[in-house]
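What follows is the content of model20.txt (compact mmCIF, C-alpha atoms).
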```txt
# COMPACT_ATOMS: atom_id res chain seq x y z
CA MET A 23 67.63 -85.27 120.83
CA THR A 24 68.92 -82.13 119.14
CA ALA A 25 66.47 -80.45 116.80
CA ALA A 26 67.56 -79.88 113.23
CA PHE A 27 68.78 -76.37 112.48
CA PRO A 28 67.64 -74.17 110.89
CA PRO A 29 63.95 -74.89 111.54
CA LEU A 30 63.11 -75.34 107.86
CA ARG A 31 59.68 -76.57 106.80
CA GLU A 32 59.84 -80.36 106.75
CA GLU A 33 58.82 -80.67 103.09
CA LEU A 34 61.77 -78.43 102.10
CA ARG A 35 64.50 -80.42 103.85
CA GLY A 36 67.07 -81.92 101.53
CA ILE A 37 65.81 -80.10 98.44
CA GLU A 38 68.42 -78.54 96.18
CA PRO A 39 67.69 -74.99 94.99
CA TYR A 40 66.53 -74.68 91.40
CA GLY A 41 69.10 -73.55 88.87
CA ALA A 42 70.82 -74.53 85.66
CA PRO A 43 74.60 -75.03 85.81
CA GLN A 44 76.50 -71.75 85.49
CA LEU A 45 79.81 -72.74 83.92
CA ASP A 46 82.38 -70.57 82.17
CA VAL A 47 82.63 -72.23 78.75
CA PRO A 48 82.97 -70.71 75.27
CA VAL A 49 79.49 -71.68 74.04
CA GLN A 50 76.60 -71.46 76.52
CA LEU A 51 73.36 -72.84 75.09
CA ASN A 52 71.58 -74.05 78.22
CA VAL A 53 69.17 -71.38 79.53
CA ASN A 54 67.32 -70.20 76.40
CA GLU A 55 68.76 -66.70 76.43
CA ASN A 56 68.68 -64.47 73.37
CA PRO A 57 72.32 -64.45 72.20
CA TYR A 58 71.96 -60.98 70.66
CA GLY A 59 72.17 -58.22 73.24
CA PRO A 60 70.70 -54.72 73.00
CA SER A 61 72.23 -52.41 70.42
CA PRO A 62 74.41 -49.52 71.60
CA GLU A 63 71.47 -47.17 70.93
CA ALA A 64 69.05 -49.24 73.01
CA ALA A 65 71.62 -49.70 75.78
CA ALA A 66 72.27 -45.96 75.85
CA ASP A 67 68.56 -45.17 76.11
CA ILE A 68 68.16 -47.70 78.91
CA ALA A 69 71.18 -46.23 80.72
CA GLN A 70 69.76 -42.73 80.40
CA ALA A 71 66.37 -43.87 81.73
CA VAL A 72 68.01 -45.66 84.66
CA GLY A 73 70.12 -42.57 85.35
CA ALA A 74 66.99 -40.43 85.55
CA ALA A 75 65.38 -42.99 87.87
CA ALA A 76 68.48 -42.96 90.07
CA ALA A 77 67.85 -39.31 90.92
CA THR A 78 64.49 -40.30 92.44
CA LEU A 79 65.54 -43.35 94.45
CA ASN A 80 64.84 -41.59 97.74
CA ARG A 81 61.16 -42.00 96.87
CA TYR A 82 59.13 -45.17 96.40
CA PRO A 83 58.34 -46.06 92.77
CA ASP A 84 54.89 -45.94 91.20
CA ARG A 85 53.21 -48.82 93.01
CA GLU A 86 50.84 -49.40 90.10
CA PHE A 87 53.55 -48.94 87.41
CA THR A 88 50.88 -47.27 85.28
CA GLU A 89 53.08 -46.06 82.43
CA LEU A 90 54.73 -49.45 82.10
CA ARG A 91 51.38 -51.25 82.01
CA GLU A 92 50.21 -48.92 79.24
CA GLY A 93 53.35 -49.69 77.26
CA LEU A 94 53.01 -53.44 77.74
CA ALA A 95 49.34 -53.35 76.70
CA ALA A 96 50.25 -51.44 73.53
CA TYR A 97 52.96 -53.97 72.71
CA LEU A 98 50.66 -56.97 73.26
CA ASN A 99 48.16 -55.46 70.86
CA THR A 100 50.86 -55.77 68.18
CA SER A 101 51.90 -59.29 69.22
CA GLY A 102 48.78 -61.41 68.90
CA GLY A 103 46.34 -59.47 71.05
CA SER A 104 43.74 -56.79 70.43
CA GLY A 105 41.80 -54.48 72.71
CA ILE A 106 44.13 -55.11 75.65
CA THR A 107 44.13 -52.17 78.07
CA ALA A 108 46.42 -51.22 80.95
CA ASP A 109 43.97 -52.50 83.58
CA MET A 110 44.27 -55.95 81.98
CA VAL A 111 48.06 -56.06 82.46
CA TRP A 112 50.14 -57.03 85.49
CA ALA A 113 53.93 -57.27 85.82
CA ALA A 114 56.50 -58.52 88.30
CA ASN A 115 60.17 -59.41 88.67
CA GLY A 116 60.36 -62.02 85.94
CA SER A 117 57.64 -64.46 84.94
CA ASN A 118 58.72 -66.53 87.96
CA GLU A 119 57.25 -63.93 90.31
CA VAL A 120 54.18 -63.57 88.09
CA MET A 121 53.54 -67.32 88.42
CA LEU A 122 54.19 -67.34 92.14
CA GLN A 123 51.75 -64.46 92.65
CA LEU A 124 49.10 -66.33 90.67
CA LEU A 125 49.55 -69.40 92.89
CA GLN A 126 49.50 -67.25 96.03
CA ALA A 127 46.27 -65.59 94.92
CA PHE A 128 44.38 -68.58 93.55
CA GLY A 129 46.06 -71.60 95.15
CA GLY A 130 46.66 -72.36 98.81
CA PRO A 131 45.79 -75.09 101.33
CA GLY A 132 42.94 -77.30 100.18
CA ARG A 133 43.41 -76.28 96.56
CA CYS A 134 45.43 -77.80 93.73
CA ALA A 135 47.29 -76.68 90.62
CA LEU A 136 47.66 -78.85 87.55
CA SER A 137 49.86 -79.19 84.48
CA PHE A 138 50.93 -81.87 82.02
CA ALA A 139 54.40 -83.41 82.01
CA PRO A 140 56.97 -83.03 80.68
CA THR A 141 56.83 -79.33 81.41
CA TYR A 142 58.68 -76.51 83.17
CA SER A 143 60.28 -77.88 86.32
CA MET A 144 59.60 -74.73 88.36
CA TYR A 145 55.80 -75.12 88.24
CA PRO A 146 55.60 -77.64 91.09
CA GLU A 147 57.93 -75.43 93.12
CA TYR A 148 55.58 -72.46 92.74
CA ALA A 149 52.77 -74.69 93.97
CA ARG A 150 54.85 -75.98 96.88
CA ASP A 151 55.80 -72.46 97.96
CA ALA A 152 52.14 -71.41 97.84
CA MET A 153 51.04 -74.46 99.94
CA THR A 154 49.11 -75.80 96.94
CA GLU A 155 48.77 -79.47 96.00
CA TRP A 156 50.49 -80.28 92.71
CA VAL A 157 48.76 -82.56 90.21
CA THR A 158 50.51 -83.86 87.10
CA GLY A 159 48.85 -85.11 83.97
CA HIS A 160 50.84 -86.47 81.04
CA ARG A 161 51.41 -85.54 77.44
CA ALA A 162 51.23 -87.86 74.45
CA GLU A 163 54.32 -89.49 72.93
CA ASP A 164 54.75 -86.50 70.58
CA PHE A 165 54.37 -84.10 73.56
CA SER A 166 50.96 -82.86 72.43
CA LEU A 167 47.93 -82.90 74.74
CA ASP A 168 45.31 -85.63 74.59
CA LEU A 169 42.44 -83.16 74.88
CA ASP A 170 39.84 -85.63 76.12
CA ALA A 171 42.19 -86.97 78.81
CA ALA A 172 43.25 -83.44 79.79
CA ARG A 173 39.66 -82.26 80.11
CA ALA A 174 38.73 -85.35 82.14
CA LEU A 175 41.60 -84.72 84.57
CA VAL A 176 40.59 -81.08 85.04
CA LEU A 177 36.98 -82.09 85.74
CA GLU A 178 38.11 -84.82 88.14
CA ARG A 179 40.61 -82.75 90.18
CA ARG A 180 38.92 -79.33 89.85
CA PRO A 181 42.16 -77.33 90.03
CA SER A 182 42.22 -73.69 91.02
CA VAL A 183 45.10 -73.09 88.60
CA VAL A 184 45.89 -74.88 85.32
CA LEU A 185 49.36 -74.11 83.94
CA LEU A 186 49.75 -74.55 80.17
CA PRO A 187 53.06 -73.37 78.72
CA SER A 188 52.81 -72.68 74.99
CA PRO A 189 55.38 -73.18 73.59
CA ASN A 190 56.08 -75.79 76.23
CA ASN A 191 59.42 -75.91 78.02
CA PRO A 192 61.41 -78.14 77.52
CA THR A 193 59.72 -79.59 74.42
CA GLY A 194 58.90 -76.43 72.40
CA THR A 195 55.38 -77.71 71.68
CA ALA A 196 52.68 -75.09 71.06
CA LEU A 197 49.03 -75.55 72.02
CA PRO A 198 46.22 -75.14 69.46
CA PRO A 199 43.49 -72.63 70.37
CA GLU A 200 40.91 -75.40 70.74
CA ALA A 201 42.96 -76.97 73.55
CA VAL A 202 43.06 -73.68 75.46
CA SER A 203 39.35 -73.07 74.95
CA MET A 204 38.39 -76.60 76.00
CA LEU A 205 40.34 -76.36 79.24
CA CYS A 206 39.10 -72.83 79.99
CA GLU A 207 35.53 -74.10 79.63
CA ALA A 208 36.26 -77.13 81.80
CA ALA A 209 37.85 -74.98 84.52
CA ALA A 210 34.85 -72.64 84.48
CA SER A 211 32.32 -75.46 84.88
CA TYR A 212 32.78 -76.13 88.61
CA ASP A 213 32.48 -73.95 91.69
CA PRO A 214 34.42 -71.73 92.31
CA GLY A 215 36.24 -72.58 89.11
CA GLY A 216 39.88 -72.24 88.11
CA VAL A 217 42.09 -69.92 86.14
CA VAL A 218 43.91 -71.25 83.09
CA VAL A 219 47.38 -69.75 82.66
CA VAL A 220 48.93 -70.00 79.21
CA ASP A 221 52.62 -69.30 79.72
CA GLU A 222 53.92 -67.72 76.50
CA ALA A 223 57.45 -67.02 77.69
CA TYR A 224 58.62 -68.08 74.22
CA GLY A 225 55.56 -66.81 72.38
CA GLU A 226 57.40 -64.43 70.06
CA PHE A 227 59.36 -67.37 68.60
CA ARG A 228 56.27 -69.30 67.47
CA ARG A 229 56.19 -70.36 63.84
CA SER A 230 54.12 -68.52 61.25
CA GLY A 231 50.50 -69.55 61.55
CA THR A 232 50.72 -70.50 65.22
CA PRO A 233 48.28 -68.17 67.03
CA SER A 234 48.75 -66.60 70.45
CA ALA A 235 46.32 -67.36 73.26
CA LEU A 236 45.94 -63.58 73.56
CA GLU A 237 43.31 -63.91 70.83
CA LEU A 238 41.10 -65.85 73.27
CA LEU A 239 41.08 -63.30 76.10
CA PRO A 240 37.76 -61.73 75.00
CA VAL A 241 36.15 -65.20 75.03
CA HIS A 242 37.32 -66.69 78.34
CA ARG A 243 37.21 -64.61 81.50
CA ASN A 244 39.29 -67.18 83.40
CA LEU A 245 42.19 -67.10 80.90
CA VAL A 246 45.56 -65.60 81.82
CA VAL A 247 48.33 -65.19 79.22
CA SER A 248 51.81 -64.54 80.55
CA ARG A 249 54.87 -63.23 78.71
CA THR A 250 58.41 -62.18 79.61
CA MET A 251 61.00 -59.70 78.40
CA SER A 252 63.78 -62.19 79.17
CA LYS A 253 63.73 -64.12 75.90
CA ALA A 254 62.75 -62.39 72.65
CA PHE A 255 63.43 -58.92 74.13
CA ALA A 256 66.95 -60.01 75.17
CA LEU A 257 66.45 -58.64 78.69
CA ALA A 258 67.02 -61.69 80.88
CA GLY A 259 69.10 -59.55 83.22
CA ALA A 260 66.31 -57.00 83.69
CA ARG A 261 63.85 -59.49 85.27
CA LEU A 262 60.49 -58.33 83.91
CA GLY A 263 57.58 -60.71 83.39
CA TYR A 264 53.97 -59.75 82.81
CA LEU A 265 50.50 -61.07 82.05
CA ALA A 266 47.27 -60.09 80.39
CA ALA A 267 43.93 -61.10 81.90
CA ASP A 268 40.52 -59.88 82.96
CA PRO A 269 40.93 -56.79 85.21
CA ALA A 270 39.38 -58.73 88.10
CA ILE A 271 42.30 -61.17 88.00
CA CYS A 272 44.81 -58.32 88.08
CA ASP A 273 42.96 -56.82 91.05
CA ALA A 274 43.11 -60.17 92.86
CA ILE A 275 46.89 -60.35 92.43
CA ARG A 276 47.22 -56.96 94.13
CA VAL A 277 46.14 -58.65 97.37
CA VAL A 278 49.28 -60.84 97.48
CA ARG A 279 51.87 -58.62 95.82
CA LEU A 280 54.55 -57.13 98.06
CA PRO A 281 54.51 -53.32 98.42
CA TYR A 282 56.34 -51.50 95.63
CA HIS A 283 57.48 -54.83 94.18
CA LEU A 284 58.74 -53.31 90.91
CA SER A 285 61.66 -50.96 91.53
CA ALA A 286 61.98 -47.61 89.78
CA VAL A 287 65.05 -48.97 88.00
CA THR A 288 63.17 -52.03 86.70
CA GLN A 289 60.28 -49.89 85.49
CA ALA A 290 62.59 -47.42 83.74
CA THR A 291 64.53 -50.24 82.06
CA ALA A 292 61.39 -51.94 80.78
CA ARG A 293 59.82 -48.71 79.50
CA ALA A 294 63.00 -47.85 77.61
CA ALA A 295 63.18 -51.36 76.15
CA LEU A 296 59.60 -51.08 74.88
CA ARG A 297 60.60 -47.92 73.01
CA HIS A 298 63.11 -50.10 71.15
CA ALA A 299 60.83 -53.13 70.69
CA PRO A 300 61.21 -53.46 66.88
CA GLU A 301 64.99 -53.32 67.21
CA LEU A 302 65.24 -55.68 70.20
CA LEU A 303 62.93 -58.15 68.49
CA GLY A 304 64.80 -57.76 65.21
CA LYS A 305 66.77 -60.99 65.63
CA VAL A 306 63.72 -63.16 66.31
CA ASP A 307 63.33 -64.12 62.65
CA ASP A 308 67.01 -65.06 62.48
CA LEU A 309 66.67 -67.23 65.59
CA ARG A 310 63.56 -68.91 64.17
CA ALA A 311 65.46 -69.74 60.99
CA GLU A 312 68.46 -71.01 62.96
CA ARG A 313 66.13 -73.15 65.07
CA ASP A 314 64.58 -74.73 62.00
CA ARG A 315 68.02 -75.42 60.52
CA THR A 316 69.11 -77.00 63.81
CA VAL A 317 66.03 -79.23 63.96
CA ASP A 318 66.55 -80.36 60.38
CA TRP A 319 70.25 -81.06 60.96
CA LEU A 320 69.62 -83.07 64.14
CA ARG A 321 67.07 -85.19 62.30
CA GLU A 322 69.57 -85.75 59.50
CA GLN A 323 71.86 -87.29 62.12
CA GLY A 324 69.17 -89.85 62.87
CA LEU A 325 68.08 -88.24 66.13
CA GLU A 326 64.53 -87.60 67.31
CA VAL A 327 63.65 -83.92 67.65
CA ALA A 328 60.44 -82.44 69.03
CA ASP A 329 58.71 -79.88 66.81
CA SER A 330 59.60 -76.51 68.30
CA ASP A 331 57.91 -73.10 68.34
CA ALA A 332 60.49 -71.80 70.82
CA ASN A 333 64.15 -70.74 70.73
CA PHE A 334 65.40 -74.21 71.66
CA ALA A 335 65.20 -77.79 70.47
CA LEU A 336 64.71 -80.98 72.48
CA PHE A 337 66.52 -83.93 70.93
CA GLY A 338 67.45 -87.54 71.70
CA ARG A 339 67.00 -90.28 72.47
CA PHE A 340 70.19 -91.36 74.20
CA ALA A 341 70.60 -94.38 76.44
CA ASP A 342 72.99 -92.24 78.51
CA ARG A 343 72.21 -88.61 77.91
CA HIS A 344 74.61 -87.48 80.62
CA ALA A 345 77.53 -88.94 78.67
CA VAL A 346 76.49 -86.88 75.65
CA TRP A 347 76.03 -83.76 77.79
CA GLN A 348 79.47 -84.27 79.33
CA GLY A 349 81.04 -84.90 75.93
CA LEU A 350 79.71 -81.58 74.68
CA LEU A 351 80.87 -79.79 77.83
CA ASP A 352 84.35 -81.28 77.44
CA ARG A 353 84.38 -79.66 73.99
CA GLY A 354 83.35 -76.25 75.31
CA VAL A 355 79.61 -76.39 74.64
CA LEU A 356 77.10 -76.24 77.51
CA ILE A 357 73.52 -77.41 76.85
CA ARG A 358 70.77 -78.52 79.24
CA GLU A 359 70.21 -81.98 80.64
CA THR A 360 66.48 -81.69 81.21
CA GLY A 361 63.16 -83.12 80.13
CA PRO A 362 62.28 -86.79 79.74
CA GLU A 363 64.99 -89.37 80.30
CA GLY A 364 67.14 -89.78 77.20
CA TRP A 365 66.56 -86.25 75.85
CA LEU A 366 68.70 -83.09 75.85
CA ARG A 367 67.79 -79.46 75.13
CA VAL A 368 69.89 -76.98 73.19
CA SER A 369 69.16 -73.25 73.13
CA ILE A 370 69.47 -71.53 69.78
CA GLY A 371 72.50 -69.26 69.64
CA THR A 372 74.30 -67.35 66.94
CA ALA A 373 75.26 -69.08 63.70
CA ASP A 374 78.82 -69.49 64.98
CA GLU A 375 77.63 -70.95 68.28
CA MET A 376 75.38 -73.43 66.52
CA ALA A 377 78.24 -74.45 64.23
CA ALA A 378 80.33 -75.14 67.33
CA PHE A 379 77.46 -77.16 68.79
CA ARG A 380 77.14 -79.28 65.64
CA GLN A 381 80.87 -79.93 65.52
CA ALA A 382 80.99 -80.86 69.21
CA LEU A 383 77.96 -83.16 68.95
CA LEU A 384 79.39 -85.00 65.97
CA ALA A 385 82.71 -85.46 67.76
CA THR A 386 80.95 -86.66 70.89
CA MET A 387 78.77 -89.14 69.02
CA GLU A 388 81.79 -90.48 67.16
CA THR A 389 83.50 -91.58 70.35
CA GLU A 390 83.21 -95.29 70.89
CA GLN A 391 81.75 -94.94 74.38
CA VAL A 392 78.90 -92.62 73.44
CA ILE A 393 78.06 -93.92 69.97
CA GLY A 394 77.49 -97.32 71.49
CA ARG A 395 74.94 -95.87 73.86
CA VAL A 396 73.24 -93.93 71.08
CA MET A 397 73.06 -96.93 68.78
CA GLU A 398 71.76 -99.10 71.60
CA GLU A 399 68.84 -96.72 72.06
CA ARG A 400 68.10 -96.59 68.32
CA ALA A 401 68.13 -100.37 67.95
```
Take the structure in the file and give it back as structure tokens.
Amino acid sequence: MTAAFPPLREELRGIEPYGAPQLDVPVQLNVNENPYGPSPEAAADIAQAVGAAAATLNRYPDREFTELREGLAAYLNTSGGSGITADMVWAANGSNEVMLQLLQAFGGPGRCALSFAPTYSMYPEYARDAMTEWVTGHRAEDFSLDLDAARALVLERRPSVVLLPSPNNPTGTALPPEAVSMLCEAAASYDPGGVVVVDEAYGEFRRSGTPSALELLPVHRNLVVSRTMSKAFALAGARLGYLAADPAICDAIRVVRLPYHLSAVTQATARAALRHAPELLGKVDDLRAERDRTVDWLREQGLEVADSDANFALFGRFADRHAVWQGLLDRGVLIRETGPEGWLRVSIGTADEMAAFRQALLATMETEQVIGRVMEERA
């Protein structure tokens, strides 16, 4: 019998690589990008910084990316945190690598990681790649956490890593501080304990009055709060994610990081972007307002919409969501077919893009084939 080639790990056979559809359509609202790119001034500063870094590419970059960590700490102290210092900050190539490094450091064979569905579909893949058992709890009907049930599951399974996105992807649901504190305390109550990772990839988009978990860092030593420059900073192409945590957690991640994992070009880009933080974040308020208008409009159409603190909205419920997704695509609008069955997710774009989305959705729902499916679900 001929052995299968290549000699892939058995649990990886037949698995499709992760990735949202990349299609060339006029309106792309499927991967939660910031639709407003850097200004000419910010782009010029980034280009100049990268040009200076290019002259040094014969040398390895700063392995500890000290200047960047100082800049990120200063920014976090203006974005929900206080007293955060450079030794409490870690960064990597996108929040994906940050999460993978956390699972590599604190997961592994004989350990488990835990989250609550529906949630980001990459989390179980991080666990799989780090040889860590994946445990899934469940959210309530409104996508909030049942705190007593969540705490009981943590105490029962004793995970090494608890992943709590806030706002959650794909629902947009934010966690209250008491939920984070309760789970941090639960994860600290057994030996050797677990780290609780609050993934704030969309944290800058949270509504007024919604606190950041950064406020809880002085209280819970096992708390990690992660952020990214891909969303609010409009730097998805730069690939820079980072976290804030107790210095001991950052030191532990050093054990599993690859040598010189942040290139000189990445560091220069991120430092330049931080110099333009107010400008790059200047469209966040506009996107929040557009999100709220989109949520209200979808509800006016009789659809269910999850409350969102992110730059996207999850809406439904459709008996055949793929037909709705395809109807939008046929009209030049790409959104995401993700989350619980019957729901779709739309990223918040410019005012013109959202107008095109509304027009395409109305036209799609007016077709006899799709409106029948929608009405069947509402009945």
TODO: Point out the residue among A:Ala209, A:Leu90, A:Ala172, A:Val49 with the least atom-to-atom distance to A:Glu375, counting all atoms listed in the file.
DONE: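 Smallest separation from A:Glu375 among the options: A:Val49.
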TODO: Tell me, in Å to one decimal, how far atom CA of A:His298 is from atom CA of A:Gly102.
DONE: 18.4 Å
Task: Using all atoms listed in the file: which of A:Ser234, A:Gln348, A:Ser117, A:Thr360 has the shortest distance to A:Met387 - done: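 Selected residue with least distance to A:Met387: A:Gln348.
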TODO: Would you mind reading off the distance between atom CA of A:Trp365 and atom CA of A:Phe138, one decimal, in Å?
DONE: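 So the answer is 17.4 Å.
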Open item on the list: List as a ChimeraX atom specification the protein and nucleic acid residues near A:Tyr82, meaning an atom at most 12 Å away when only C-alpha atoms are counted, but skip any in the same chain fewer than 4 places from it.
Closed with: /A:75-78,86-87,281-287,289
My structure is short of atoms at stretch 103-131 of chain A; please model N, CA and C atoms there, returning them as an mmCIF file, in the frame of the given file.
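Output contents, as saved in out.cif:
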```
data_model
loop_
_atom_site.group_PDB
_atom_site.id
_atom_site.type_symbol
_atom_site.label_atom_id
_atom_site.label_comp_id
_atom_site.auth_asym_id
_atom_site.auth_seq_id
_atom_site.Cartn_x
_atom_site.Cartn_y
_atom_site.Cartn_z
ATOM 1 N N GLY A 103 47.523 -59.903 70.320
ATOM 2 C CA GLY A 103 46.340 -59.470 71.050
ATOM 3 C C GLY A 103 45.633 -58.315 70.368
ATOM 4 N N SER A 104 44.476 -57.963 70.902
ATOM 5 C CA SER A 104 43.740 -56.790 70.430
ATOM 6 C C SER A 104 42.819 -56.334 71.557
ATOM 7 N N GLY A 105 42.680 -55.039 71.690
ATOM 8 C CA GLY A 105 41.800 -54.480 72.710
ATOM 9 C C GLY A 105 42.298 -54.644 74.129
ATOM 10 N N ILE A 106 43.578 -54.966 74.304
ATOM 11 C CA ILE A 106 44.130 -55.110 75.650
ATOM 12 C C ILE A 106 44.423 -53.727 76.206
ATOM 13 N N THR A 107 43.955 -53.470 77.427
ATOM 14 C CA THR A 107 44.130 -52.170 78.070
ATOM 15 C C THR A 107 45.009 -52.325 79.307
ATOM 16 N N ALA A 108 45.474 -51.192 79.838
ATOM 17 C CA ALA A 108 46.420 -51.220 80.950
ATOM 18 C C ALA A 108 45.858 -51.937 82.172
ATOM 19 N N ASP A 109 44.538 -51.838 82.406
ATOM 20 C CA ASP A 109 43.970 -52.500 83.580
ATOM 21 C C ASP A 109 43.880 -54.006 83.419
ATOM 22 N N MET A 110 44.239 -54.511 82.223
ATOM 23 C CA MET A 110 44.270 -55.950 81.980
ATOM 24 C C MET A 110 45.692 -56.507 82.076
ATOM 25 N N VAL A 111 46.652 -55.673 82.453
ATOM 26 C CA VAL A 111 48.060 -56.060 82.460
ATOM 27 C C VAL A 111 48.614 -56.007 83.882
ATOM 28 N N TRP A 112 49.426 -57.000 84.214
ATOM 29 C CA TRP A 112 50.140 -57.030 85.490
ATOM 30 C C TRP A 112 51.592 -57.406 85.203
ATOM 31 N N ALA A 113 52.517 -56.949 86.026
ATOM 32 C CA ALA A 113 53.930 -57.270 85.820
ATOM 33 C C ALA A 113 54.606 -57.516 87.158
ATOM 34 N N ALA A 114 55.734 -58.210 87.092
ATOM 35 C CA ALA A 114 56.500 -58.520 88.300
ATOM 36 C C ALA A 114 57.936 -58.806 87.902
ATOM 37 N N ASN A 115 58.741 -59.187 88.892
ATOM 38 C CA ASN A 115 60.170 -59.410 88.670
ATOM 39 C C ASN A 115 60.397 -60.768 88.012
ATOM 40 N N GLY A 116 60.247 -60.790 86.695
ATOM 41 C CA GLY A 116 60.360 -62.020 85.940
ATOM 42 C C GLY A 116 59.052 -62.788 85.966
ATOM 43 N N SER A 117 58.864 -63.659 84.975
ATOM 44 C CA SER A 117 57.640 -64.460 84.940
ATOM 45 C C SER A 117 57.581 -65.418 86.121
ATOM 46 N N ASN A 118 58.735 -65.692 86.753
ATOM 47 C CA ASN A 118 58.720 -66.530 87.960
ATOM 48 C C ASN A 118 57.859 -65.894 89.047
ATOM 49 N N GLU A 119 58.047 -64.595 89.280
ATOM 50 C CA GLU A 119 57.250 -63.930 90.310
ATOM 51 C C GLU A 119 55.792 -63.806 89.885
ATOM 52 N N VAL A 120 55.560 -63.602 88.587
ATOM 53 C CA VAL A 120 54.180 -63.570 88.090
ATOM 54 C C VAL A 120 53.473 -64.881 88.436
ATOM 55 N N MET A 121 54.128 -66.010 88.149
ATOM 56 C CA MET A 121 53.540 -67.320 88.420
ATOM 57 C C MET A 121 53.331 -67.542 89.906
ATOM 58 N N LEU A 122 54.332 -67.170 90.698
ATOM 59 C CA LEU A 122 54.190 -67.340 92.140
ATOM 60 C C LEU A 122 53.028 -66.519 92.677
ATOM 61 N N GLN A 123 52.867 -65.288 92.199
ATOM 62 C CA GLN A 123 51.750 -64.460 92.650
ATOM 63 C C GLN A 123 50.411 -65.077 92.258
ATOM 64 N N LEU A 124 50.340 -65.662 91.074
ATOM 65 C CA LEU A 124 49.100 -66.330 90.670
ATOM 66 C C LEU A 124 48.773 -67.486 91.597
ATOM 67 N N LEU A 125 49.794 -68.282 91.972
ATOM 68 C CA LEU A 125 49.550 -69.400 92.890
ATOM 69 C C LEU A 125 49.215 -68.907 94.287
ATOM 70 N N GLN A 126 49.825 -67.813 94.702
ATOM 71 C CA GLN A 126 49.500 -67.250 96.030
ATOM 72 C C GLN A 126 48.069 -66.733 96.063
ATOM 73 N N ALA A 127 47.619 -66.169 94.948
ATOM 74 C CA ALA A 127 46.270 -65.590 94.920
ATOM 75 C C ALA A 127 45.191 -66.640 94.747
ATOM 76 N N PHE A 128 45.446 -67.646 93.920
ATOM 77 C CA PHE A 128 44.380 -68.580 93.550
ATOM 78 C C PHE A 128 44.612 -70.001 94.053
ATOM 79 N N GLY A 129 45.800 -70.284 94.567
ATOM 80 C CA GLY A 129 46.060 -71.600 95.150
ATOM 81 C C GLY A 129 45.891 -71.552 96.665
ATOM 82 N N GLY A 130 46.710 -72.347 97.363
ATOM 83 C CA GLY A 130 46.660 -72.360 98.810
ATOM 84 C C GLY A 130 46.189 -73.691 99.366
ATOM 85 N N PRO A 131 46.209 -73.829 100.686
ATOM 86 C CA PRO A 131 45.790 -75.090 101.330
ATOM 87 C C PRO A 131 44.389 -75.501 100.901
#
```
